[in-house]
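This is input37.tsv. It holds TSV, C-alpha atoms.
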chain	number	residue	atom	x	y	z
H	1281	MET	CA	89.93	228.89	135.80
H	1282	MET	CA	88.40	225.91	137.64
H	1283	GLU	CA	90.15	223.52	135.27
H	1284	PHE	CA	93.45	225.26	135.88
H	1285	ILE	CA	93.06	224.90	139.65
H	1286	LEU	CA	92.13	221.22	139.34
H	1287	ALA	CA	95.22	220.60	137.21
H	1288	LYS	CA	97.62	222.29	139.63
H	1289	TYR	CA	96.25	222.08	143.18
H	1290	ASN	CA	98.29	218.94	143.95
H	1291	TYR	CA	101.50	220.88	143.43
H	1292	TRP	CA	100.28	223.64	145.73
H	1293	ILE	CA	99.61	221.13	148.50
H	1294	TYR	CA	103.18	219.86	148.11
H	1295	VAL	CA	104.46	223.42	148.41
H	1296	ILE	CA	102.47	223.80	151.66
H	1297	ILE	CA	104.03	220.59	153.05
H	1298	MET	CA	107.45	221.87	152.00
H	1299	MET	CA	106.80	225.17	153.77
H	1300	ILE	CA	105.93	223.36	157.02
H	1301	GLY	CA	109.19	221.39	156.88
H	1302	PHE	CA	111.24	224.42	155.92
H	1303	TYR	CA	109.74	226.47	158.76
H	1304	ALA	CA	110.70	223.75	161.25
H	1305	VAL	CA	114.26	223.66	159.91
H	1306	ILE	CA	114.91	227.39	160.15
H	1307	SER	CA	112.83	228.47	163.15
H	1308	LYS	CA	112.96	225.58	165.66
H	1309	SER	CA	115.81	225.67	168.13
H	1310	ASN	CA	115.64	221.95	169.00
H	1311	LEU	CA	117.95	219.91	166.78
H	1312	ILE	CA	115.67	216.83	166.65
H	1313	LYS	CA	112.83	219.11	165.51
H	1314	LYS	CA	115.09	220.38	162.75
H	1315	ILE	CA	115.69	216.81	161.57
H	1316	ILE	CA	111.93	216.12	161.65
H	1317	GLY	CA	111.47	219.24	159.52
H	1318	LEU	CA	114.11	217.99	157.11
H	1319	SER	CA	112.26	214.65	156.69
H	1320	ILE	CA	108.99	216.47	155.96
H	1321	PHE	CA	110.79	218.75	153.48
H	1322	GLN	CA	112.21	215.69	151.69
H	1323	THR	CA	108.86	213.92	151.35
H	1324	SER	CA	107.34	217.01	149.71
H	1325	VAL	CA	110.03	216.88	147.02
H	1326	PHE	CA	109.37	213.15	146.53
H	1327	LEU	CA	105.66	213.87	146.11
H	1328	LEU	CA	106.41	216.47	143.44
H	1329	PHE	CA	108.59	214.03	141.48
H	1330	ILE	CA	106.16	211.11	141.60
H	1331	SER	CA	103.24	213.37	140.63
H	1332	ILE	CA	105.04	214.47	137.49
H	1333	GLY	CA	105.12	210.84	136.36
H	1334	LYS	CA	101.41	210.25	137.00
H	1335	VAL	CA	99.44	209.42	133.84
H	1336	ASP	CA	95.65	209.52	133.96
H	1337	GLY	CA	94.22	206.07	133.24
H	1338	GLY	CA	97.67	204.50	133.42
H	1339	THR	CA	98.32	201.30	135.36
H	1340	VAL	CA	101.09	200.39	137.77
H	1341	PRO	CA	104.40	199.98	135.84
H	1342	ILE	CA	104.44	196.17	135.82
H	1343	TYR	CA	104.27	194.44	132.45
H	1344	GLN	CA	100.69	193.65	131.40
H	1345	GLY	CA	100.98	193.37	127.65
H	1346	THR	CA	102.16	195.91	125.09
H	1347	GLU	CA	98.78	197.63	124.73
H	1348	ALA	CA	98.49	198.81	128.34
H	1349	VAL	CA	99.14	202.44	129.32
H	1350	TYR	CA	101.67	202.67	132.13
H	1351	ILE	CA	102.48	205.28	134.74
H	1352	ASN	CA	105.95	206.75	134.16
H	1353	PRO	CA	108.38	204.46	136.09
H	1354	LEU	CA	111.45	206.73	135.86
H	1355	PRO	CA	110.53	209.11	138.75
H	1356	HIS	CA	109.78	206.04	140.90
H	1357	VAL	CA	113.33	204.81	140.37
H	1358	LEU	CA	114.85	208.19	141.19
H	1359	ILE	CA	112.75	208.53	144.34
H	1360	LEU	CA	113.54	205.00	145.54
H	1361	THR	CA	117.18	206.05	145.52
H	1362	ALA	CA	116.36	209.39	147.14
H	1363	ILE	CA	114.40	207.83	150.03
H	1364	VAL	CA	117.33	205.61	150.99
H	1365	VAL	CA	119.83	208.46	150.65
H	1366	GLY	CA	117.48	210.61	152.79
H	1367	VAL	CA	117.59	208.05	155.59
H	1368	SER	CA	121.40	207.94	155.37
H	1369	VAL	CA	121.48	211.72	155.77
H	1370	THR	CA	119.16	211.47	158.78
H	1371	ALA	CA	121.41	208.81	160.33
H	1372	VAL	CA	124.50	211.02	160.02
H	1373	ALA	CA	122.51	213.94	161.49
H	1374	PHE	CA	121.54	211.73	164.44
H	1375	ALA	CA	125.16	210.78	165.07
H	1376	LEU	CA	126.06	214.49	165.10
H	1377	VAL	CA	123.18	215.27	167.49
H	1378	VAL	CA	124.26	212.52	169.91
H	1379	ASN	CA	127.83	213.89	169.81
H	1380	ILE	CA	126.60	217.43	170.44
H	1381	TYR	CA	124.55	216.22	173.41
H	1382	ARG	CA	127.63	214.47	174.86
H	1383	GLU	CA	129.63	217.66	174.48
H	1384	PHE	CA	127.10	220.29	175.63
H	1385	GLY	CA	124.44	218.36	177.55
H	1386	THR	CA	121.65	219.96	175.52
H	1387	ILE	CA	120.27	219.84	171.99
H	1388	GLU	CA	118.79	223.34	172.01
H	1389	GLU	CA	120.58	225.48	169.46
H	1390	ASN	CA	120.12	228.70	171.49
H	1391	ALA	CA	121.71	227.20	174.58
H	1392	ILE	CA	124.61	225.77	172.58
H	1393	LEU	CA	125.31	229.14	170.95
H	1394	GLU	CA	125.24	230.79	174.41
H	1395	MET	CA	127.81	228.29	175.71
H	1396	ILE	CA	130.11	228.80	172.73
H	1397	LYS	CA	129.92	232.58	173.24
H	1398	HIS	CA	130.85	232.28	176.92
H	1399	ASP	CA	133.80	230.06	176.08
H	1400	ASP	CA	135.46	232.78	174.00
J	843	MET	CA	88.34	213.08	146.59
J	844	ALA	CA	90.06	210.33	148.57
J	845	ASP	CA	93.39	211.76	147.44
J	846	LEU	CA	92.45	215.18	148.75
J	847	VAL	CA	91.54	213.73	152.17
J	848	LEU	CA	94.88	211.87	152.32
J	849	LEU	CA	96.81	215.01	151.42
J	850	PHE	CA	94.86	216.95	154.05
J	851	PHE	CA	95.86	214.37	156.67
J	852	LEU	CA	99.47	214.68	155.53
J	853	ILE	CA	99.37	218.42	156.23
J	854	VAL	CA	97.69	217.87	159.62
J	855	CYS	CA	100.33	215.28	160.60
J	856	ALA	CA	103.19	217.51	159.42
J	857	VAL	CA	101.92	220.47	161.46
J	858	ALA	CA	101.30	218.27	164.52
J	859	ALA	CA	104.80	216.75	164.31
J	860	VAL	CA	106.35	220.21	164.18
J	861	VAL	CA	104.35	221.85	167.00
J	862	GLN	CA	104.43	218.96	169.52
J	863	LYS	CA	106.61	219.78	172.53
J	864	GLU	CA	107.14	216.15	173.56
J	865	LEU	CA	109.66	214.80	171.05
J	866	LEU	CA	108.50	211.17	171.32
J	867	ASN	CA	104.99	212.24	170.26
J	868	SER	CA	106.50	214.12	167.34
J	869	VAL	CA	108.35	211.01	166.21
J	870	ILE	CA	105.26	208.79	166.42
J	871	ILE	CA	103.24	211.35	164.44
J	872	LEU	CA	106.03	211.42	161.86
J	873	SER	CA	105.72	207.64	161.57
J	874	ILE	CA	101.95	208.00	160.97
J	875	TYR	CA	102.81	210.65	158.37
J	876	SER	CA	105.04	208.11	156.60
J	877	LEU	CA	102.28	205.48	156.62
J	878	ILE	CA	99.78	207.91	155.08
J	879	MET	CA	102.50	208.78	152.59
J	880	ALA	CA	102.76	205.09	151.66
J	881	VAL	CA	99.02	205.08	150.89
J	882	VAL	CA	99.46	208.23	148.79
J	883	TRP	CA	102.19	206.46	146.81
J	884	VAL	CA	99.81	203.58	146.06
J	885	ARG	CA	97.17	206.07	144.93
J	886	LEU	CA	99.76	207.64	142.61
J	887	GLY	CA	100.63	204.20	141.21
J	888	ALA	CA	104.12	204.06	142.71
J	889	VAL	CA	103.86	200.65	144.41
J	890	ASP	CA	107.61	200.09	144.77
J	891	VAL	CA	108.02	203.47	146.39
J	892	ALA	CA	105.11	202.66	148.74
J	893	ILE	CA	106.85	199.49	149.96
J	894	THR	CA	110.12	201.36	150.48
J	895	GLU	CA	108.37	204.22	152.29
J	896	ALA	CA	106.53	201.83	154.63
J	897	ALA	CA	109.72	199.90	155.39
J	898	VAL	CA	112.27	202.70	155.49
J	899	GLY	CA	110.23	205.83	156.29
J	900	ALA	CA	107.81	204.41	158.82
J	901	GLY	CA	110.08	201.59	160.01
J	902	ILE	CA	113.83	202.18	160.11
J	903	SER	CA	113.65	205.95	160.39
J	904	THR	CA	111.28	205.74	163.40
J	905	VAL	CA	113.57	203.20	165.07
J	906	LEU	CA	116.54	205.54	164.52
J	907	PHE	CA	114.60	208.49	165.96
J	908	ILE	CA	113.64	206.52	169.07
J	909	ALA	CA	117.20	205.24	169.47
J	910	VAL	CA	118.42	208.84	169.52
J	911	LEU	CA	115.65	209.95	171.90
J	912	THR	CA	116.84	207.40	174.47
J	913	ARG	CA	120.16	209.29	174.56
J	914	VAL	CA	119.02	212.92	174.60
J	915	LYS	CA	116.45	215.07	176.42
J	916	ARG	CA	112.96	214.19	175.27
J	917	ARG	CA	111.32	217.57	175.74
J	918	GLU	CA	111.68	220.58	173.57
J	919	GLU	CA	112.64	223.48	175.83
J	920	LEU	CA	110.93	226.79	175.44
J	921	THR	CA	113.92	229.08	175.68
J	922	ARG	CA	112.27	232.11	174.12
J	923	ILE	CA	108.56	232.48	173.56
J	924	ARG	CA	108.03	234.91	170.76
J	925	LEU	CA	106.56	234.85	167.32
J	926	GLN	CA	109.32	234.32	164.84
J	927	ILE	CA	108.56	236.77	162.08
J	928	LEU	CA	111.70	236.47	159.98
J	929	PRO	CA	111.54	232.68	159.35
J	930	LEU	CA	107.84	233.05	158.56
J	931	ILE	CA	108.55	235.72	155.93
J	932	VAL	CA	111.36	233.65	154.39
J	933	VAL	CA	109.16	230.54	154.25
J	934	LEU	CA	106.23	232.42	152.73
J	935	ALA	CA	108.50	234.05	150.14
J	936	VAL	CA	109.97	230.68	149.12
J	937	GLY	CA	106.50	229.09	149.05
J	938	LEU	CA	105.01	231.81	146.89
J	939	THR	CA	107.95	231.65	144.48
J	940	LEU	CA	107.50	227.89	144.15
J	941	ILE	CA	103.74	228.25	143.60
J	942	TYR	CA	104.53	230.78	140.89
J	943	GLY	CA	106.87	228.16	139.43
J	944	THR	CA	104.16	225.46	139.39
J	945	LEU	CA	102.08	227.58	137.01
J	946	ASP	CA	104.37	226.41	134.21
J	947	MET	CA	104.34	222.76	135.31
J	948	PRO	CA	102.57	220.16	133.14
J	949	ASP	CA	99.01	219.44	134.27
J	950	PHE	CA	98.66	216.75	136.94
J	951	GLY	CA	98.24	213.33	135.27
J	952	SER	CA	98.67	214.64	131.75
J	953	PRO	CA	100.00	211.89	129.40
J	954	ALA	CA	101.38	214.57	127.04
J	955	ALA	CA	103.80	216.01	129.62
J	956	VAL	CA	107.43	216.19	128.44
J	957	THR	CA	108.53	213.85	131.23
J	958	ASN	CA	106.23	211.13	129.88
J	959	THR	CA	107.10	211.44	126.20
J	960	HIS	CA	110.91	211.25	126.24
J	961	VAL	CA	113.25	208.38	127.25
J	962	VAL	CA	110.51	206.55	129.15
J	963	PRO	CA	108.62	205.20	126.07
J	964	ARG	CA	111.88	203.50	125.09
J	965	TYR	CA	112.09	201.83	128.53
J	966	LEU	CA	108.45	200.76	128.36
J	967	GLU	CA	108.85	199.38	124.84
J	968	LYS	CA	112.08	197.40	125.25
J	969	GLY	CA	112.35	197.10	129.04
J	970	VAL	CA	110.87	193.64	129.50
J	971	GLU	CA	112.84	192.23	126.59
J	972	GLU	CA	116.18	193.79	127.54
J	973	THR	CA	116.18	193.43	131.33
J	974	GLY	CA	114.16	190.23	131.64
J	975	THR	CA	111.95	191.47	134.46
J	976	ASP	CA	108.24	192.30	134.37
J	977	ASN	CA	108.67	195.08	136.89
J	978	TYR	CA	109.79	198.17	135.00
J	979	VAL	CA	110.94	199.96	138.15
J	980	ALA	CA	113.24	197.08	139.12
J	981	GLY	CA	114.51	196.83	135.54
J	982	ILE	CA	115.40	200.51	135.29
J	983	LEU	CA	116.83	200.62	138.81
J	984	ALA	CA	119.18	197.68	138.39
J	985	SER	CA	119.92	197.86	134.69
J	986	TYR	CA	119.43	201.16	132.84
J	987	ARG	CA	120.29	203.23	135.89
J	988	GLY	CA	122.63	200.75	137.53
J	989	TYR	CA	125.25	203.44	138.10
J	990	ASP	CA	122.74	205.49	140.09
J	991	THR	CA	122.21	202.51	142.33
J	992	LEU	CA	125.97	202.00	142.65
J	993	GLY	CA	126.25	205.65	143.69
J	994	GLU	CA	123.44	205.15	146.20
J	995	THR	CA	125.26	202.21	147.78
J	996	THR	CA	128.40	204.35	148.01
J	997	VAL	CA	126.39	207.04	149.82
J	998	ILE	CA	124.99	204.48	152.28
J	999	PHE	CA	128.48	203.08	152.89
J	1000	THR	CA	129.90	206.56	153.50
J	1001	ALA	CA	127.01	207.43	155.82
J	1002	GLY	CA	127.53	204.21	157.77
J	1003	LEU	CA	131.24	204.97	158.07
J	1004	CYS	CA	130.45	208.53	159.30
J	1005	VAL	CA	128.03	207.25	161.94
J	1006	VAL	CA	130.54	204.69	163.25
J	1007	LEU	CA	133.35	207.26	163.39
J	1008	LEU	CA	131.15	209.88	165.08
J	1009	LEU	CA	129.76	207.53	167.70
J	1010	ARG	CA	133.06	206.06	168.86
J	1011	SER	CA	133.56	206.84	172.53
J	1012	ASN	CA	135.40	210.06	173.38
J	1013	LYS	CA	138.50	208.40	174.83
J	1014	LYS	CA	139.40	206.66	171.61
J	1015	ARG	CA	139.05	209.80	169.55
J	1016	LEU	CA	142.22	211.59	168.46

Please express what this file holds, its structure, as structure tokens.
Amino acid sequence: MMEFILAKYNYWIYVIIMMIGFYAVISKSNLIKKIIGLSIFQTSVFLLFISIGKVDGGTVPIYQGTEAVYINPLPHVLILTAIVVGVSVTAVAFALVVNIYREFGTIEENAILEMIKHDD
Amino acid sequence: MADLVLLFFLIVCAVAAVVQKELLNSVIILSIYSLIMAVVWVRLGAVDVAITEAAVGAGISTVLFIAVLTRVKRREELTRIRLQILPLIVVLAVGLTLIYGTLDMPDFGSPAAVTNTHVVPRYLEKGVEETGTDNYVAGILASYRGYDTLGETTVIFTAGLCVVLLLRSNKKRL
């Protein structure tokens, strides 16, 4: 049982981080808070990917002779791409938030929904 | 043990960033979160990811956040103070499902995991010879998975285009 927990607890911590981000995305009314939640959510997924590639006793994936044991470099490549794409997504979200603020004068989702309702 | 402490700090920073009412504080805590994350990457052996995280996550993303905060209200308004039960239930349900899913995952750090025994040995064996770089990550990124990187650049270009179009002043818009 103890061995099982030691082998898996890392994944459970990532799930907890994901839950924090997810909670911020769906329950916070402030749009910037939602974006912060989204960033936290993303990093938890990155952690999961990189952990899968971890090899006990392996070294950093930089050539050190054919005998060396290396950590799996493939997840690192995928996550490098994902980090940059994540920032692009955040940038577009920011542009939308700035536009919403220009239009409504607030970035609170509740207030915006109220205003839209009164317009109809 | 050190890893556990780092992960604990990650959770503390994440919670603090979410509960802070002052948005600037939230953003700074998020930047600290990214820095700790960079250290976690080094501990996991992902040095290239650590550099990117420190530069992009803690650097550019914080700058973007602050740039936006100069244009909008900096305080989160408390419109309704009540415990939000429904989101909490949804989050717990998703979390528990995922934890149930991790039971089938390969053990942490296991060399025999499927992800470590397919495709990658080929890269490790021939990578240096075929791509001419000692850094496997750079070799795979630019050579074996060059199309991924091309797609990534397309995404960045599209995102840049979106931001420019969205931020044009109102008068010019159709």

Closest contacts (chain H/chain J, max 6 Å, only C-alpha atoms) as JSON lines:
{"residue": "H:Ala1287", "atom": "CA", "partner": "J:Asp949", "partner_atom": "CA", "distance": 4.9}
{"residue": "H:Met1299", "atom": "CA", "partner": "J:Val933", "partner_atom": "CA", "distance": 5.9}
{"residue": "H:Ser1307", "atom": "CA", "partner": "J:Pro929", "partner_atom": "CA", "distance": 5.8}
{"residue": "H:Lys1334", "atom": "CA", "partner": "J:Gly951", "partner_atom": "CA", "distance": 4.7}
{"residue": "H:Val1335", "atom": "CA", "partner": "J:Gly951", "partner_atom": "CA", "distance": 4.3}
{"residue": "H:Asp1336", "atom": "CA", "partner": "J:Gly951", "partner_atom": "CA", "distance": 4.8}
{"residue": "H:Val1340", "atom": "CA", "partner": "J:Gly887", "partner_atom": "CA", "distance": 5.2}
{"residue": "H:Pro1341", "atom": "CA", "partner": "J:Tyr978", "partner_atom": "CA", "distance": 5.7}
{"residue": "H:Ile1342", "atom": "CA", "partner": "J:Asn977", "partner_atom": "CA", "distance": 4.5}
{"residue": "H:Tyr1343", "atom": "CA", "partner": "J:Asp976", "partner_atom": "CA", "distance": 4.9}
{"residue": "H:Pro1353", "atom": "CA", "partner": "J:Val979", "partner_atom": "CA", "distance": 5.6}
{"residue": "H:Val1357", "atom": "CA", "partner": "J:Leu983", "partner_atom": "CA", "distance": 5.7}
{"residue": "H:Leu1360", "atom": "CA", "partner": "J:Val891", "partner_atom": "CA", "distance": 5.8}
{"residue": "H:Ser1368", "atom": "CA", "partner": "J:Ala1001", "partner_atom": "CA", "distance": 5.7}
{"residue": "H:Val1372", "atom": "CA", "partner": "J:Val1005", "partner_atom": "CA", "distance": 5.5}
{"residue": "H:Ala1375", "atom": "CA", "partner": "J:Val1005", "partner_atom": "CA", "distance": 5.5}

Let me see the file: selected residues, C-alpha atoms, as a CSV table (one decimal), in the frame of the given file.
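Result file is selection.csv:
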chain,number,residue,atom,x,y,z
H,1287,ALA,CA,95.2,220.6,137.2
H,1299,MET,CA,106.8,225.2,153.8
H,1307,SER,CA,112.8,228.5,163.2
H,1334,LYS,CA,101.4,210.2,137.0
H,1335,VAL,CA,99.4,209.4,133.8
H,1336,ASP,CA,95.6,209.5,134.0
H,1340,VAL,CA,101.1,200.4,137.8
H,1341,PRO,CA,104.4,200.0,135.8
H,1342,ILE,CA,104.4,196.2,135.8
H,1343,TYR,CA,104.3,194.4,132.4
H,1353,PRO,CA,108.4,204.5,136.1
H,1357,VAL,CA,113.3,204.8,140.4
H,1360,LEU,CA,113.5,205.0,145.5
H,1368,SER,CA,121.4,207.9,155.4
H,1372,VAL,CA,124.5,211.0,160.0
H,1375,ALA,CA,125.2,210.8,165.1

Could you check how far atom CA of H:Lys1308 sits from atom CA of H:Asn1390, in Å to one decimal?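 Atom CA of H:Asn1390 lies 9.7 Å from atom CA of H:Lys1308.
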
Select, from H:Ile1387, H:Val1369, H:Ile1330, H:Leu1311, the residue with the minimum atom-to-atom distance to H:Ile1351, counting all atoms listed in the file.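 Closest residue, counting all atoms listed in the file: H:Ile1330.
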
If you measure from atom CA of H:Tyr1294 to atom CA of J:Ile870, what distance in Å do you get, rounded to one decimal?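 Atom CA of H:Tyr1294 sits 21.5 Å away from atom CA of J:Ile870.
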
Option closest in space to H:Leu1354, from J:His960, J:Ile871, J:Leu992, J:Ile878 [counting only C-alpha atoms]: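 The closest residue to H:Leu1354 is J:His960.
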
Env of H:Phe1302: 8 Å cut, atoms = all atoms listed in the file, seq-sep filter 5 positions within chain, self excluded. Answer as an MDAnalysis selection string. (chainID H and resid 1317:1318 1321) or (chainID J and resid 933)

For stretch 987-1004 of chain J of the block above, can you save C-alpha atoms as a PDB file, in the first residue's frame?
ATOM      1  CA  ARG J 987       8.868  17.093 -34.772  1.00  0.00           C
ATOM      2  CA  GLY J 988       9.577  20.065 -37.019  1.00  0.00           C
ATOM      3  CA  TYR J 989       5.963  20.173 -38.191  1.00  0.00           C
ATOM      4  CA  ASP J 990       4.787  20.569 -34.591  1.00  0.00           C
ATOM      5  CA  THR J 991       7.026  23.580 -34.284  1.00  0.00           C
ATOM      6  CA  LEU J 992       5.748  24.959 -37.590  1.00  0.00           C
ATOM      7  CA  GLY J 993       2.203  24.559 -36.243  1.00  0.00           C
ATOM      8  CA  GLU J 994       3.237  26.320 -33.037  1.00  0.00           C
ATOM      9  CA  THR J 995       4.580  29.288 -34.999  1.00  0.00           C
ATOM     10  CA  THR J 996       1.300  29.423 -36.933  1.00  0.00           C
ATOM     11  CA  VAL J 997      -0.601  29.538 -33.631  1.00  0.00           C
ATOM     12  CA  ILE J 998       1.600  32.379 -32.339  1.00  0.00           C
ATOM     13  CA  PHE J 999       1.133  34.287 -35.609  1.00  0.00           C
ATOM     14  CA  THR J1000      -2.644  33.843 -35.463  1.00  0.00           C
ATOM     15  CA  ALA J1001      -2.722  34.895 -31.806  1.00  0.00           C
ATOM     16  CA  GLY J1002      -0.659  37.992 -32.594  1.00  0.00           C
ATOM     17  CA  LEU J1003      -3.020  38.852 -35.449  1.00  0.00           C
ATOM     18  CA  CYS J1004      -6.051  38.407 -33.134  1.00  0.00           C
TER      19      CYS J1004
END
